[in-house]
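Participant: My structure file data17.cif, mmCIF, C-alpha atoms, is below:
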```
data_structure
#
loop_
_atom_site.group_PDB
_atom_site.id
_atom_site.type_symbol
_atom_site.label_atom_id
_atom_site.label_comp_id
_atom_site.auth_asym_id
_atom_site.auth_seq_id
_atom_site.Cartn_x
_atom_site.Cartn_y
_atom_site.Cartn_z
ATOM 1 C CA MET A 29 0.000 0.000 0.000
ATOM 2 C CA SER A 30 1.519 3.306 -1.046
ATOM 3 C CA ASP A 31 2.011 6.322 1.200
ATOM 4 C CA GLU A 32 -0.433 8.927 -0.176
ATOM 5 C CA ARG A 33 0.350 11.698 2.344
ATOM 6 C CA THR A 34 0.705 15.070 0.711
ATOM 7 C CA PRO A 35 3.593 17.496 1.367
ATOM 8 C CA VAL A 36 1.187 19.484 3.568
ATOM 9 C CA ASP A 37 0.528 16.376 5.695
ATOM 10 C CA MET A 38 4.262 15.757 6.015
ATOM 11 C CA LYS A 39 4.910 19.344 7.177
ATOM 12 C CA ARG A 40 2.064 19.101 9.658
ATOM 13 C CA ARG A 41 3.477 15.849 11.090
ATOM 14 C CA HIS A 42 6.941 17.414 11.313
ATOM 15 C CA ALA A 43 5.558 20.418 13.158
ATOM 16 C CA ILE A 44 3.763 18.196 15.678
ATOM 17 C CA LEU A 45 6.989 16.325 16.379
ATOM 18 C CA LEU A 46 8.837 19.578 16.965
ATOM 19 C CA LEU A 47 6.189 20.798 19.371
ATOM 20 C CA GLY A 48 6.272 17.462 21.213
ATOM 21 C CA GLY A 49 10.063 17.701 21.577
ATOM 22 C CA ALA A 50 9.883 21.267 22.887
ATOM 23 C CA SER A 51 7.281 20.275 25.463
ATOM 24 C CA SER A 52 9.424 17.386 26.638
ATOM 25 C CA GLY A 53 12.446 19.660 26.994
ATOM 26 C CA ALA A 54 10.519 22.220 29.035
ATOM 27 C CA MET A 55 9.379 19.529 31.467
ATOM 28 C CA SER A 56 12.885 18.221 31.959
ATOM 29 C CA VAL A 57 14.181 21.722 32.808
ATOM 30 C CA GLY A 58 11.352 22.343 35.253
ATOM 31 C CA THR A 59 11.883 19.100 37.175
ATOM 32 C CA GLY A 60 14.383 19.530 40.011
ATOM 33 C CA ALA A 61 15.810 22.811 38.708
ATOM 34 C CA PHE A 62 13.126 25.192 39.961
ATOM 35 C CA SER A 63 10.474 25.248 42.629
ATOM 36 C CA SER A 64 7.583 26.185 40.309
ATOM 37 C CA VAL A 65 6.789 27.062 36.712
ATOM 38 C CA GLU A 66 4.480 29.849 35.551
ATOM 39 C CA ALA A 67 3.207 29.234 32.047
ATOM 40 C CA ASP A 68 2.512 32.885 31.303
ATOM 41 C CA ARG A 69 5.543 34.466 32.973
ATOM 42 C CA GLY A 70 8.337 31.926 32.864
ATOM 43 C CA VAL A 71 10.030 30.447 35.896
ATOM 44 C CA GLU A 72 9.864 31.545 39.543
ATOM 45 C CA VAL A 73 12.964 30.561 41.513
ATOM 46 C CA ASN A 74 12.983 30.103 45.303
ATOM 47 C CA VAL A 75 15.095 27.008 45.874
ATOM 48 C CA VAL A 76 18.081 25.587 47.824
ATOM 49 C CA GLU A 77 20.113 27.429 50.429
ATOM 50 C CA ASP A 78 20.502 31.154 49.841
ATOM 51 C CA GLU A 79 24.264 31.032 49.355
ATOM 52 C CA HIS A 80 23.965 28.409 46.586
ATOM 53 C CA ALA A 81 20.713 29.600 44.952
ATOM 54 C CA TYR A 82 20.413 31.408 41.616
ATOM 55 C CA LEU A 83 20.105 34.577 43.690
ATOM 56 C CA GLY A 84 23.036 34.018 46.055
ATOM 57 C CA LEU A 85 22.650 35.677 49.474
ATOM 58 C CA LYS A 86 25.570 35.302 51.896
ATOM 59 C CA ASP A 87 25.371 36.575 55.492
ATOM 60 C CA LEU A 88 28.832 38.083 55.964
ATOM 61 C CA THR A 89 28.521 38.584 59.730
ATOM 62 C CA ALA A 90 28.230 34.848 60.451
ATOM 63 C CA ASN A 91 31.239 33.380 62.250
ATOM 64 C CA GLU A 92 31.632 29.682 61.564
ATOM 65 C CA GLY A 93 31.486 27.639 64.756
ATOM 66 C CA GLU A 94 30.229 30.581 66.838
ATOM 67 C CA ASP A 95 26.684 31.386 67.954
ATOM 68 C CA ASP A 96 26.996 35.152 67.800
ATOM 69 C CA GLU A 97 27.225 37.283 64.688
ATOM 70 C CA ILE A 98 28.945 40.558 65.508
ATOM 71 C CA VAL A 99 28.944 44.002 63.911
ATOM 72 C CA GLU A 100 31.242 46.569 65.510
ATOM 73 C CA GLY A 101 29.485 49.833 66.291
ATOM 74 C CA GLY A 102 30.465 52.999 64.474
ATOM 75 C CA THR A 103 31.952 51.112 61.515
ATOM 76 C CA GLU A 104 30.282 50.439 58.157
ATOM 77 C CA THR A 105 30.229 46.655 57.820
ATOM 78 C CA GLU A 106 29.215 44.548 54.820
ATOM 79 C CA LEU A 107 26.191 42.575 55.999
ATOM 80 C CA VAL A 108 25.012 40.686 52.879
ATOM 81 C CA ARG A 109 26.750 39.672 49.660
ATOM 82 C CA ILE A 110 24.401 39.365 46.679
ATOM 83 C CA THR A 111 25.536 37.254 43.715
ATOM 84 C CA ASN A 112 23.816 36.776 40.357
ATOM 85 C CA LYS A 113 24.091 33.040 39.670
ATOM 86 C CA PHE A 114 21.648 33.105 36.772
ATOM 87 C CA ALA A 115 22.897 32.677 33.209
ATOM 88 C CA ASN A 116 21.312 36.041 32.286
ATOM 89 C CA ARG A 117 21.460 39.631 33.493
ATOM 90 C CA LEU A 118 19.516 40.012 36.744
ATOM 91 C CA SER A 119 17.351 43.065 37.390
ATOM 92 C CA LEU A 120 16.850 43.123 41.148
ATOM 93 C CA THR A 121 14.823 45.397 43.427
ATOM 94 C CA ILE A 122 15.760 45.349 47.119
ATOM 95 C CA THR A 123 13.335 46.781 49.679
ATOM 96 C CA LEU A 124 14.262 47.560 53.277
ATOM 97 C CA GLU A 125 11.247 46.177 55.132
ATOM 98 C CA ASP A 126 12.461 46.583 58.727
ATOM 99 C CA ARG A 127 15.554 47.366 60.788
ATOM 100 C CA GLY A 128 16.500 47.329 64.474
ATOM 101 C CA GLU A 129 16.570 50.502 66.539
ATOM 102 C CA VAL A 130 20.362 50.619 67.030
ATOM 103 C CA ILE A 131 21.021 50.537 63.270
ATOM 104 C CA GLU A 132 22.007 53.984 62.049
ATOM 105 C CA ARG A 133 22.399 53.285 58.341
ATOM 106 C CA ILE A 134 21.630 50.646 55.728
ATOM 107 C CA ALA A 135 23.263 51.168 52.344
ATOM 108 C CA ILE A 136 23.419 49.556 48.927
ATOM 109 C CA GLY A 137 25.604 52.259 47.491
ATOM 110 C CA ASP A 138 22.998 54.819 48.640
ATOM 111 C CA SER A 139 21.357 54.918 52.063
ATOM 112 C CA LEU A 140 17.966 53.248 52.497
ATOM 113 C CA GLU A 141 15.221 54.158 54.932
ATOM 114 C CA THR A 142 12.518 51.671 55.951
ATOM 115 C CA GLY A 143 10.240 51.142 52.953
ATOM 116 C CA ASP A 144 12.789 52.420 50.411
ATOM 117 C CA GLU A 145 13.661 50.429 47.291
ATOM 118 C CA LYS A 146 16.986 50.076 45.500
ATOM 119 C CA ARG A 147 17.179 48.787 41.901
ATOM 120 C CA ILE A 148 20.390 47.130 40.723
ATOM 121 C CA ASP A 149 21.381 45.218 37.562
ATOM 122 C CA LEU A 150 23.929 42.425 37.796
ATOM 123 C CA ILE A 151 25.534 40.506 34.957
ATOM 124 C CA PRO A 152 26.084 36.756 35.541
ATOM 125 C CA GLY A 153 28.571 36.273 38.367
ATOM 126 C CA GLU A 154 28.526 39.929 39.433
ATOM 127 C CA LYS A 155 28.229 40.808 43.148
ATOM 128 C CA ALA A 156 26.712 43.644 45.177
ATOM 129 C CA PHE A 157 26.768 44.316 48.912
ATOM 130 C CA VAL A 158 24.380 45.535 51.610
ATOM 131 C CA ALA A 159 26.268 47.439 54.315
ATOM 132 C CA VAL A 160 25.148 48.313 57.839
ATOM 133 C CA THR A 161 26.290 50.846 60.436
ATOM 134 C CA CYS A 162 25.032 50.715 64.024
ATOM 135 C CA GLU A 163 25.525 52.867 67.104
ATOM 136 C CA THR A 164 25.074 51.542 70.630
ATOM 137 C CA GLU A 165 26.616 52.053 74.061
ATOM 138 C CA LYS A 166 26.224 48.379 74.973
ATOM 139 C CA THR A 167 26.000 45.211 72.907
ATOM 140 C CA LYS A 168 22.493 44.780 71.510
ATOM 141 C CA SER A 169 20.885 42.092 69.369
ATOM 142 C CA THR A 170 19.247 43.484 66.248
ATOM 143 C CA SER A 171 18.197 42.525 62.733
ATOM 144 C CA VAL A 172 17.568 43.734 59.187
ATOM 145 C CA THR A 173 14.738 42.417 56.985
ATOM 146 C CA LEU A 174 15.107 42.758 53.203
ATOM 147 C CA ILE A 175 12.846 41.812 50.304
ATOM 148 C CA PHE A 176 14.493 40.720 47.041
ATOM 149 C CA VAL A 177 12.420 40.698 43.840
ATOM 150 C CA GLY A 178 14.078 40.164 40.472
ATOM 151 C CA ASP A 179 13.922 38.916 36.911
ATOM 152 C CA ALA A 180 16.609 37.210 34.826
ATOM 153 C CA GLY A 181 15.764 36.109 31.295
ATOM 154 C CA GLY A 182 12.140 35.274 32.183
ATOM 155 C CA ALA A 183 12.980 33.577 35.483
ATOM 156 C CA THR A 184 11.733 35.479 38.533
ATOM 157 C CA VAL A 185 12.833 35.387 42.139
ATOM 158 C CA ASN A 186 11.056 36.682 45.254
ATOM 159 C CA LYS A 187 12.625 36.290 48.702
ATOM 160 C CA THR A 188 12.205 37.907 52.099
ATOM 161 C CA ARG A 189 15.136 37.377 54.433
ATOM 162 C CA THR A 190 15.921 38.550 57.992
ATOM 163 C CA PHE A 191 19.588 38.854 58.985
ATOM 164 C CA GLU A 192 20.197 38.765 62.754
ATOM 165 C CA PHE A 193 23.372 39.925 64.474
ATOM 166 C CA ARG A 194 24.715 41.747 67.528
ATOM 167 C CA CYS A 195 25.969 45.328 67.460
ATOM 168 C CA THR A 196 28.773 46.168 69.858
ATOM 169 C CA ALA A 197 29.798 49.585 71.103
ATOM 170 C CA ALA A 198 32.605 51.242 69.186
ATOM 171 C CA GLU A 199 36.004 50.330 70.561
ATOM 172 C CA GLU A 200 37.629 52.907 72.796
ATOM 173 C CA ASP A 201 41.259 53.439 73.671
ATOM 174 C CA ASP A 202 40.664 52.562 77.315
ATOM 175 C CA VAL A 203 40.293 48.871 78.044
ATOM 176 C CA GLY A 204 38.353 49.523 81.256
ATOM 177 C CA THR A 205 37.243 46.454 83.193
ATOM 178 C CA GLN A 206 37.365 42.983 81.666
ATOM 179 C CA VAL A 207 36.714 39.467 82.892
ATOM 180 C CA ILE A 208 38.687 36.425 81.767
ATOM 181 C CA PHE A 209 36.783 33.126 81.889
ATOM 182 C CA LEU A 210 39.292 30.310 82.350
ATOM 183 C CA ASN A 211 38.939 26.732 81.100
ATOM 184 C CA ASN A 212 39.097 25.297 84.627
ATOM 185 C CA GLY A 213 35.890 27.088 85.588
ATOM 186 C CA LYS A 214 37.680 29.914 87.358
ATOM 187 C CA VAL A 215 37.583 33.582 86.423
ATOM 188 C CA LYS A 216 39.911 36.552 86.648
ATOM 189 C CA ILE A 217 38.807 40.183 86.906
ATOM 190 C CA GLU A 218 41.161 42.807 85.524
ATOM 191 C CA THR A 219 41.036 46.593 85.835
ATOM 192 C CA GLU A 220 43.345 49.361 84.682
ATOM 193 C CA SER A 221 44.087 50.399 88.265
ATOM 194 C CA GLY A 222 44.642 46.848 89.528
ATOM 195 C CA ASP A 223 42.720 47.672 92.704
ATOM 196 C CA GLY A 224 40.025 45.484 94.252
ATOM 197 C CA ILE A 225 36.526 45.861 92.829
ATOM 198 C CA ASP A 226 32.960 45.272 94.028
ATOM 199 C CA ALA A 227 31.640 42.256 92.127
ATOM 200 C CA ARG A 228 29.359 39.238 92.359
ATOM 201 C CA ALA A 229 29.374 35.844 90.661
ATOM 202 C CA TYR A 230 26.520 34.360 88.648
ATOM 203 C CA ILE A 231 26.461 30.599 89.205
ATOM 204 C CA ARG A 232 24.693 27.939 87.203
ATOM 205 C CA GLY A 233 23.659 24.871 89.170
ATOM 206 C CA PRO A 234 24.158 21.376 87.744
ATOM 207 C CA GLY A 235 20.489 20.905 86.816
ATOM 208 C CA LYS A 236 19.186 17.789 85.066
ATOM 209 C CA SER A 237 21.299 17.998 81.875
ATOM 210 C CA GLY A 238 23.950 20.413 83.014
ATOM 211 C CA LYS A 239 21.657 23.399 82.325
ATOM 212 C CA GLY A 240 20.346 24.384 85.733
ATOM 213 C CA SER A 241 19.058 27.801 86.782
ATOM 214 C CA ILE A 242 21.379 30.728 87.524
ATOM 215 C CA GLU A 243 21.716 32.456 90.894
ATOM 216 C CA SER A 244 23.984 35.262 92.034
ATOM 217 C CA THR A 245 26.140 35.767 95.095
ATOM 218 C CA GLU A 246 26.200 38.939 97.176
ATOM 219 C CA SER A 247 28.253 41.824 95.837
ATOM 220 C CA ASP A 248 31.422 42.450 97.804
ATOM 221 C CA GLU A 249 34.966 43.620 97.190
ATOM 222 C CA ARG A 250 36.948 41.027 95.231
ATOM 223 C CA PRO A 251 40.627 40.976 94.323
ATOM 224 C CA THR A 252 41.625 41.681 90.742
ATOM 225 C CA GLY A 253 44.304 39.937 88.715
ATOM 226 C CA GLU A 254 43.821 36.663 90.616
ATOM 227 C CA GLU A 255 42.097 33.399 89.690
ATOM 228 C CA LEU A 256 38.781 33.197 91.526
ATOM 229 C CA ARG A 257 36.572 30.158 92.208
ATOM 230 C CA PRO A 258 32.930 30.010 93.341
ATOM 231 C CA LYS A 259 34.017 29.751 96.992
ATOM 232 C CA ASP A 260 35.935 33.034 96.619
ATOM 233 C CA PHE A 261 32.514 34.642 96.104
ATOM 234 C CA GLY A 262 31.080 32.938 99.197
ATOM 235 C CA TRP A 263 29.452 30.048 97.338
ATOM 236 C CA GLY A 264 29.590 26.817 99.340
ATOM 237 C CA LYS A 265 28.115 24.266 96.914
ATOM 238 C CA ASN A 266 30.094 22.009 94.623
ATOM 239 C CA GLY A 267 29.420 20.978 91.031
ATOM 240 C CA VAL A 268 28.569 24.477 89.833
ATOM 241 C CA GLU A 269 29.897 26.807 87.147
ATOM 242 C CA ILE A 270 30.591 30.541 87.136
ATOM 243 C CA VAL A 271 28.786 31.752 84.013
ATOM 244 C CA GLY A 272 28.969 35.462 84.717
ATOM 245 C CA ILE A 273 30.530 38.217 86.776
ATOM 246 C CA GLY A 274 28.627 41.321 87.766
ATOM 247 C CA VAL A 275 30.733 44.420 88.412
ATOM 248 C CA ASP A 276 29.015 47.250 90.280
ATOM 249 C CA GLY A 277 28.531 50.310 88.088
ATOM 250 C CA VAL A 278 29.552 48.440 84.906
ATOM 251 C CA GLY A 279 27.269 45.457 84.270
ATOM 252 C CA VAL A 280 27.323 41.691 83.833
ATOM 253 C CA PHE A 281 30.072 39.921 81.897
ATOM 254 C CA THR A 282 29.199 36.408 80.706
ATOM 255 C CA ARG A 283 31.111 33.352 79.594
ATOM 256 C CA ASP A 284 29.030 33.345 76.389
ATOM 257 C CA GLN A 285 30.273 36.858 75.539
ATOM 258 C CA ALA A 286 33.922 35.872 75.861
ATOM 259 C CA GLY A 287 36.031 35.439 72.754
ATOM 260 C CA GLU A 288 38.354 32.570 71.941
ATOM 261 C CA ASP A 289 40.849 33.977 74.461
ATOM 262 C CA GLY A 290 38.188 33.842 77.182
ATOM 263 C CA VAL A 291 38.060 37.631 77.550
ATOM 264 C CA ALA A 292 34.726 39.443 77.947
ATOM 265 C CA SER A 293 35.239 43.194 77.554
ATOM 266 C CA GLU A 294 33.384 46.069 79.159
ATOM 267 C CA ILE A 295 31.623 47.029 75.919
ATOM 268 C CA ALA A 296 29.694 43.731 76.033
ATOM 269 C CA ALA A 297 28.454 44.104 79.644
ATOM 270 C CA SER A 298 24.680 44.046 80.111
ATOM 271 C CA SER A 299 22.081 43.395 82.814
ATOM 272 C CA ALA A 300 21.540 39.928 84.293
ATOM 273 C CA GLU A 301 18.082 39.743 82.714
ATOM 274 C CA GLU A 302 19.503 40.521 79.276
ATOM 275 C CA ALA A 303 22.409 38.155 79.752
ATOM 276 C CA PHE A 304 20.576 35.105 81.130
ATOM 277 C CA GLY A 305 16.869 35.592 80.400
ATOM 278 C CA ASP A 306 14.513 33.176 82.132
ATOM 279 C CA ASP A 307 17.426 31.076 83.445
ATOM 280 C CA PHE A 308 18.184 33.795 86.026
ATOM 281 C CA VAL A 309 16.156 33.215 89.192
ATOM 282 C CA GLY A 310 17.704 35.865 91.449
ATOM 283 C CA SER A 311 17.224 39.622 91.710
ATOM 284 C CA ASP A 312 19.813 42.107 90.500
#
```
Take the structure from the file and write it as structure tokens.

Facilitator:
Amino acid sequence: MSDERTPVDMKRRHAILLLGGASSGAMSVGTGAFSSVEADRGVEVNVVEDEHAYLGLKDLTANEGEDDEIVEGGTETELVRITNKFANRLSLTITLEDRGEVIERIAIGDSLETGDEKRIDLIPGEKAFVAVTCETEKTKSTSVTLIFVGDAGGATVNKTRTFEFRCTAAEEDDVGTQVIFLNNGKVKIETESGDGIDARAYIRGPGKSGKGSIESTESDERPTGEELRPKDFGWGKNGVEIVGIGVDGVGVFTRDQAGEDGVASEIAASSAEEAFGDDFVGSD
């Protein structure tokens, strides 16, 4: 039996095959590569971790292996690195949705106030930065919330991210009072004068998983420059840990605030309630 299809039929069959192949290709791209597909507007991308996503967002204040993310007061610090990981030019609008009270300035080149938008264009692989400046007399936890909306070759991205960190007071020439938390559970208080100082210890009891409540000793004059144990603050129980030192007129220094060298500086001192929250069962 002969094939009586006309040239028109052959073209029509060829066109159907092409359309079928295009449809199959679109499905293979959409599977696993993106979170959703919009038929009328292209692709919306909101997938994987921010640092590795098509819109790369890297929190630059994060310290690997440490709980706290620190921004030094009075200094402009790069908070977020933005990277275009699309294959096309990215047109991105960044909106400052909210910022903490101790933050003096947010900038992406120009300063942004809450509700302001900043439009940037990034070629593939290009980076931009969000910088922050804060002013505080004592260390405060704060945050910045940003909205990122962009388009790159028909693919769209829409993310809202909050970046949390701690602002410290600007460093001063005077060291003032500092507390050194030693590995053996002892502490050492140091002052510029080297004289004795009125201080109390904040002690955590053993509790059921090593996380008992925190109580304080009475404030009294303590020697400086010497290693001090709980009993040197009048504490008679064993199996406890000094987690903080309160210095009259300065504030509470905590083991959590100390750096790798064990030193907690005066600029980080706070109240017992701020330092220990609900774990503190005494009165300050």

Participant: With only C-alpha atoms as the atoms that count, which of A:Thr111, A:Asn266, A:Gln285, A:Ser171 lies nearest to A:Ala156?

Facilitator: A:Thr111

Participant: Can you pull out every residue within 7 Å of A:Asp248, counting all atoms listed in the file, but drop anything in the same chain fewer than 5 positions away, and send it as a VMD selection string?

Facilitator: chain A and resid 226 to 228

Participant: Can you pull out every residue within 12 Å of stretch 123-128 of chain A, counting only C-alpha atoms, but drop anything in the same chain fewer than 2 positions away, and send it as a ChimeraX atom specification?

Facilitator: /A:120-121,130-136,139-148,158,160-164,168-178,186-195

Participant: Using C-alpha atoms, can you export the residues from the last selection as a compact mmCIF listing (two decimals), in the frame of the given file?

Facilitator:
```txt
# COMPACT_ATOMS: atom_id res chain seq x y z
CA LEU A 120 16.85 43.12 41.15
CA THR A 121 14.82 45.40 43.43
CA VAL A 130 20.36 50.62 67.03
CA ILE A 131 21.02 50.54 63.27
CA GLU A 132 22.01 53.98 62.05
CA ARG A 133 22.40 53.28 58.34
CA ILE A 134 21.63 50.65 55.73
CA ALA A 135 23.26 51.17 52.34
CA ILE A 136 23.42 49.56 48.93
CA SER A 139 21.36 54.92 52.06
CA LEU A 140 17.97 53.25 52.50
CA GLU A 141 15.22 54.16 54.93
CA THR A 142 12.52 51.67 55.95
CA GLY A 143 10.24 51.14 52.95
CA ASP A 144 12.79 52.42 50.41
CA GLU A 145 13.66 50.43 47.29
CA LYS A 146 16.99 50.08 45.50
CA ARG A 147 17.18 48.79 41.90
CA ILE A 148 20.39 47.13 40.72
CA VAL A 158 24.38 45.54 51.61
CA VAL A 160 25.15 48.31 57.84
CA THR A 161 26.29 50.85 60.44
CA CYS A 162 25.03 50.72 64.02
CA GLU A 163 25.52 52.87 67.10
CA THR A 164 25.07 51.54 70.63
CA LYS A 168 22.49 44.78 71.51
CA SER A 169 20.88 42.09 69.37
CA THR A 170 19.25 43.48 66.25
CA SER A 171 18.20 42.52 62.73
CA VAL A 172 17.57 43.73 59.19
CA THR A 173 14.74 42.42 56.98
CA LEU A 174 15.11 42.76 53.20
CA ILE A 175 12.85 41.81 50.30
CA PHE A 176 14.49 40.72 47.04
CA VAL A 177 12.42 40.70 43.84
CA GLY A 178 14.08 40.16 40.47
CA ASN A 186 11.06 36.68 45.25
CA LYS A 187 12.62 36.29 48.70
CA THR A 188 12.20 37.91 52.10
CA ARG A 189 15.14 37.38 54.43
CA THR A 190 15.92 38.55 57.99
CA PHE A 191 19.59 38.85 58.98
CA GLU A 192 20.20 38.76 62.75
CA PHE A 193 23.37 39.92 64.47
CA ARG A 194 24.72 41.75 67.53
CA CYS A 195 25.97 45.33 67.46
```

Participant: On this file, the PyMOL selection byres ((chain A and resi 287) around 12) gives some set of residues; write that set as a short mmCIF file (atom, residue, chain, number, x, y, z; two decimals) with C-alpha atoms, keeping the file's coordinate frame.

Facilitator:
```
data_model
loop_
_atom_site.label_atom_id
_atom_site.label_comp_id
_atom_site.auth_asym_id
_atom_site.auth_seq_id
_atom_site.Cartn_x
_atom_site.Cartn_y
_atom_site.Cartn_z
CA ASN A 91 31.24 33.38 62.25
CA GLU A 94 30.23 30.58 66.84
CA ASP A 95 26.68 31.39 67.95
CA ASP A 96 27.00 35.15 67.80
CA ILE A 98 28.94 40.56 65.51
CA GLN A 206 37.36 42.98 81.67
CA VAL A 207 36.71 39.47 82.89
CA ILE A 208 38.69 36.42 81.77
CA PHE A 209 36.78 33.13 81.89
CA LEU A 210 39.29 30.31 82.35
CA PHE A 281 30.07 39.92 81.90
CA THR A 282 29.20 36.41 80.71
CA ARG A 283 31.11 33.35 79.59
CA ASP A 284 29.03 33.34 76.39
CA GLN A 285 30.27 36.86 75.54
CA ALA A 286 33.92 35.87 75.86
CA GLU A 288 38.35 32.57 71.94
CA ASP A 289 40.85 33.98 74.46
CA GLY A 290 38.19 33.84 77.18
CA VAL A 291 38.06 37.63 77.55
CA ALA A 292 34.73 39.44 77.95
CA SER A 293 35.24 43.19 77.55
CA ALA A 296 29.69 43.73 76.03
#
```

Participant: Any idea what the distance is between atom CA of A:Gly84 and atom CA of A:Gly182?

Facilitator: 17.7 Å

Participant: Can you turn the PyMOL selection byres ((chain A and resi 258-260) around 9) into a concrete residue list for this file, as an mmCIF file with C-alpha atoms, keeping the file's coordinate frame?

Facilitator:
```cif
data_model
loop_
_atom_site.group_PDB
_atom_site.id
_atom_site.type_symbol
_atom_site.label_atom_id
_atom_site.label_comp_id
_atom_site.auth_asym_id
_atom_site.auth_seq_id
_atom_site.Cartn_x
_atom_site.Cartn_y
_atom_site.Cartn_z
ATOM 1 C CA GLY A 213 35.890 27.088 85.588
ATOM 2 C CA LYS A 214 37.680 29.914 87.358
ATOM 3 C CA ALA A 229 29.374 35.844 90.661
ATOM 4 C CA ILE A 231 26.461 30.599 89.205
ATOM 5 C CA ARG A 250 36.948 41.027 95.231
ATOM 6 C CA LEU A 256 38.781 33.197 91.526
ATOM 7 C CA ARG A 257 36.572 30.158 92.208
ATOM 8 C CA PHE A 261 32.514 34.642 96.104
ATOM 9 C CA GLY A 262 31.080 32.938 99.197
ATOM 10 C CA TRP A 263 29.452 30.048 97.338
ATOM 11 C CA GLY A 264 29.590 26.817 99.340
ATOM 12 C CA LYS A 265 28.115 24.266 96.914
ATOM 13 C CA ASN A 266 30.094 22.009 94.623
ATOM 14 C CA VAL A 268 28.569 24.477 89.833
ATOM 15 C CA GLU A 269 29.897 26.807 87.147
ATOM 16 C CA ILE A 270 30.591 30.541 87.136
#
```

Participant: Skip A:Phe308 itself and residues of its chain fewer than 4 positions away, then list as a PyMOL selection string all residues within 10 Å of it, counting all atoms listed in the file.

Facilitator: chain A and resi 230-232+240-244+300-304+312

Participant: Just the number, please: distance in Å from atom CA of A:Glu104 to atom CA of A:Asp149, one decimal.

Facilitator: 23.0 Å

Participant: Kindly add all heavy atoms to the incomplete stretch 145-149 of chain A and provide the output as a PDB file, keeping the file's coordinate frame.

Facilitator:
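Output file rebuild_9.pdb is given in full below:
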```pdb
ATOM      1  N   GLU A 145      13.239  51.456  48.242  1.00  0.00           N
ATOM      2  CA  GLU A 145      13.661  50.429  47.291  1.00  0.00           C
ATOM      3  C   GLU A 145      14.952  50.846  46.604  1.00  0.00           C
ATOM      4  O   GLU A 145      15.199  52.036  46.400  1.00  0.00           O
ATOM      5  CB  GLU A 145      12.584  50.195  46.231  1.00  0.00           C
ATOM      6  CG  GLU A 145      11.268  49.670  46.766  1.00  0.00           C
ATOM      7  CD  GLU A 145      10.255  49.475  45.655  1.00  0.00           C
ATOM      8  OE1 GLU A 145      10.541  49.890  44.503  1.00  0.00           O
ATOM      9  OE2 GLU A 145       9.186  48.895  45.915  1.00  0.00           O
ATOM     10  N   LYS A 146      15.761  49.847  46.260  1.00  0.00           N
ATOM     11  CA  LYS A 146      16.986  50.076  45.500  1.00  0.00           C
ATOM     12  C   LYS A 146      16.998  49.100  44.331  1.00  0.00           C
ATOM     13  O   LYS A 146      16.904  47.892  44.519  1.00  0.00           O
ATOM     14  CB  LYS A 146      18.209  49.859  46.388  1.00  0.00           C
ATOM     15  CG  LYS A 146      19.550  49.927  45.646  1.00  0.00           C
ATOM     16  CD  LYS A 146      19.880  51.326  45.179  1.00  0.00           C
ATOM     17  CE  LYS A 146      21.280  51.377  44.579  1.00  0.00           C
ATOM     18  NZ  LYS A 146      21.654  52.725  44.151  1.00  0.00           N
ATOM     19  N   ARG A 147      17.140  49.627  43.105  1.00  0.00           N
ATOM     20  CA  ARG A 147      17.179  48.787  41.901  1.00  0.00           C
ATOM     21  C   ARG A 147      18.624  48.641  41.438  1.00  0.00           C
ATOM     22  O   ARG A 147      19.345  49.628  41.298  1.00  0.00           O
ATOM     23  CB  ARG A 147      16.334  49.441  40.797  1.00  0.00           C
ATOM     24  CG  ARG A 147      16.505  48.841  39.406  1.00  0.00           C
ATOM     25  CD  ARG A 147      15.777  47.530  39.257  1.00  0.00           C
ATOM     26  NE  ARG A 147      15.923  47.022  37.901  1.00  0.00           N
ATOM     27  CZ  ARG A 147      15.083  47.317  36.904  1.00  0.00           C
ATOM     28  NH1 ARG A 147      14.050  48.123  37.136  1.00  0.00           N
ATOM     29  NH2 ARG A 147      15.264  46.811  35.703  1.00  0.00           N
ATOM     30  N   ILE A 148      19.050  47.380  41.237  1.00  0.00           N
ATOM     31  CA  ILE A 148      20.390  47.130  40.723  1.00  0.00           C
ATOM     32  C   ILE A 148      20.305  46.124  39.584  1.00  0.00           C
ATOM     33  O   ILE A 148      19.376  45.317  39.512  1.00  0.00           O
ATOM     34  CB  ILE A 148      21.347  46.597  41.820  1.00  0.00           C
ATOM     35  CG1 ILE A 148      20.823  45.288  42.430  1.00  0.00           C
ATOM     36  CG2 ILE A 148      21.585  47.638  42.894  1.00  0.00           C
ATOM     37  CD1 ILE A 148      21.768  44.657  43.429  1.00  0.00           C
ATOM     38  N   ASP A 149      21.256  46.177  38.662  1.00  0.00           N
ATOM     39  CA  ASP A 149      21.381  45.218  37.562  1.00  0.00           C
ATOM     40  C   ASP A 149      22.727  44.533  37.682  1.00  0.00           C
ATOM     41  O   ASP A 149      23.765  45.196  37.781  1.00  0.00           O
ATOM     42  CB  ASP A 149      21.252  45.923  36.209  1.00  0.00           C
ATOM     43  CG  ASP A 149      19.841  46.430  35.949  1.00  0.00           C
ATOM     44  OD1 ASP A 149      18.912  45.605  36.004  1.00  0.00           O
ATOM     45  OD2 ASP A 149      19.665  47.640  35.708  1.00  0.00           O
TER      46      ASP A 149
END
```
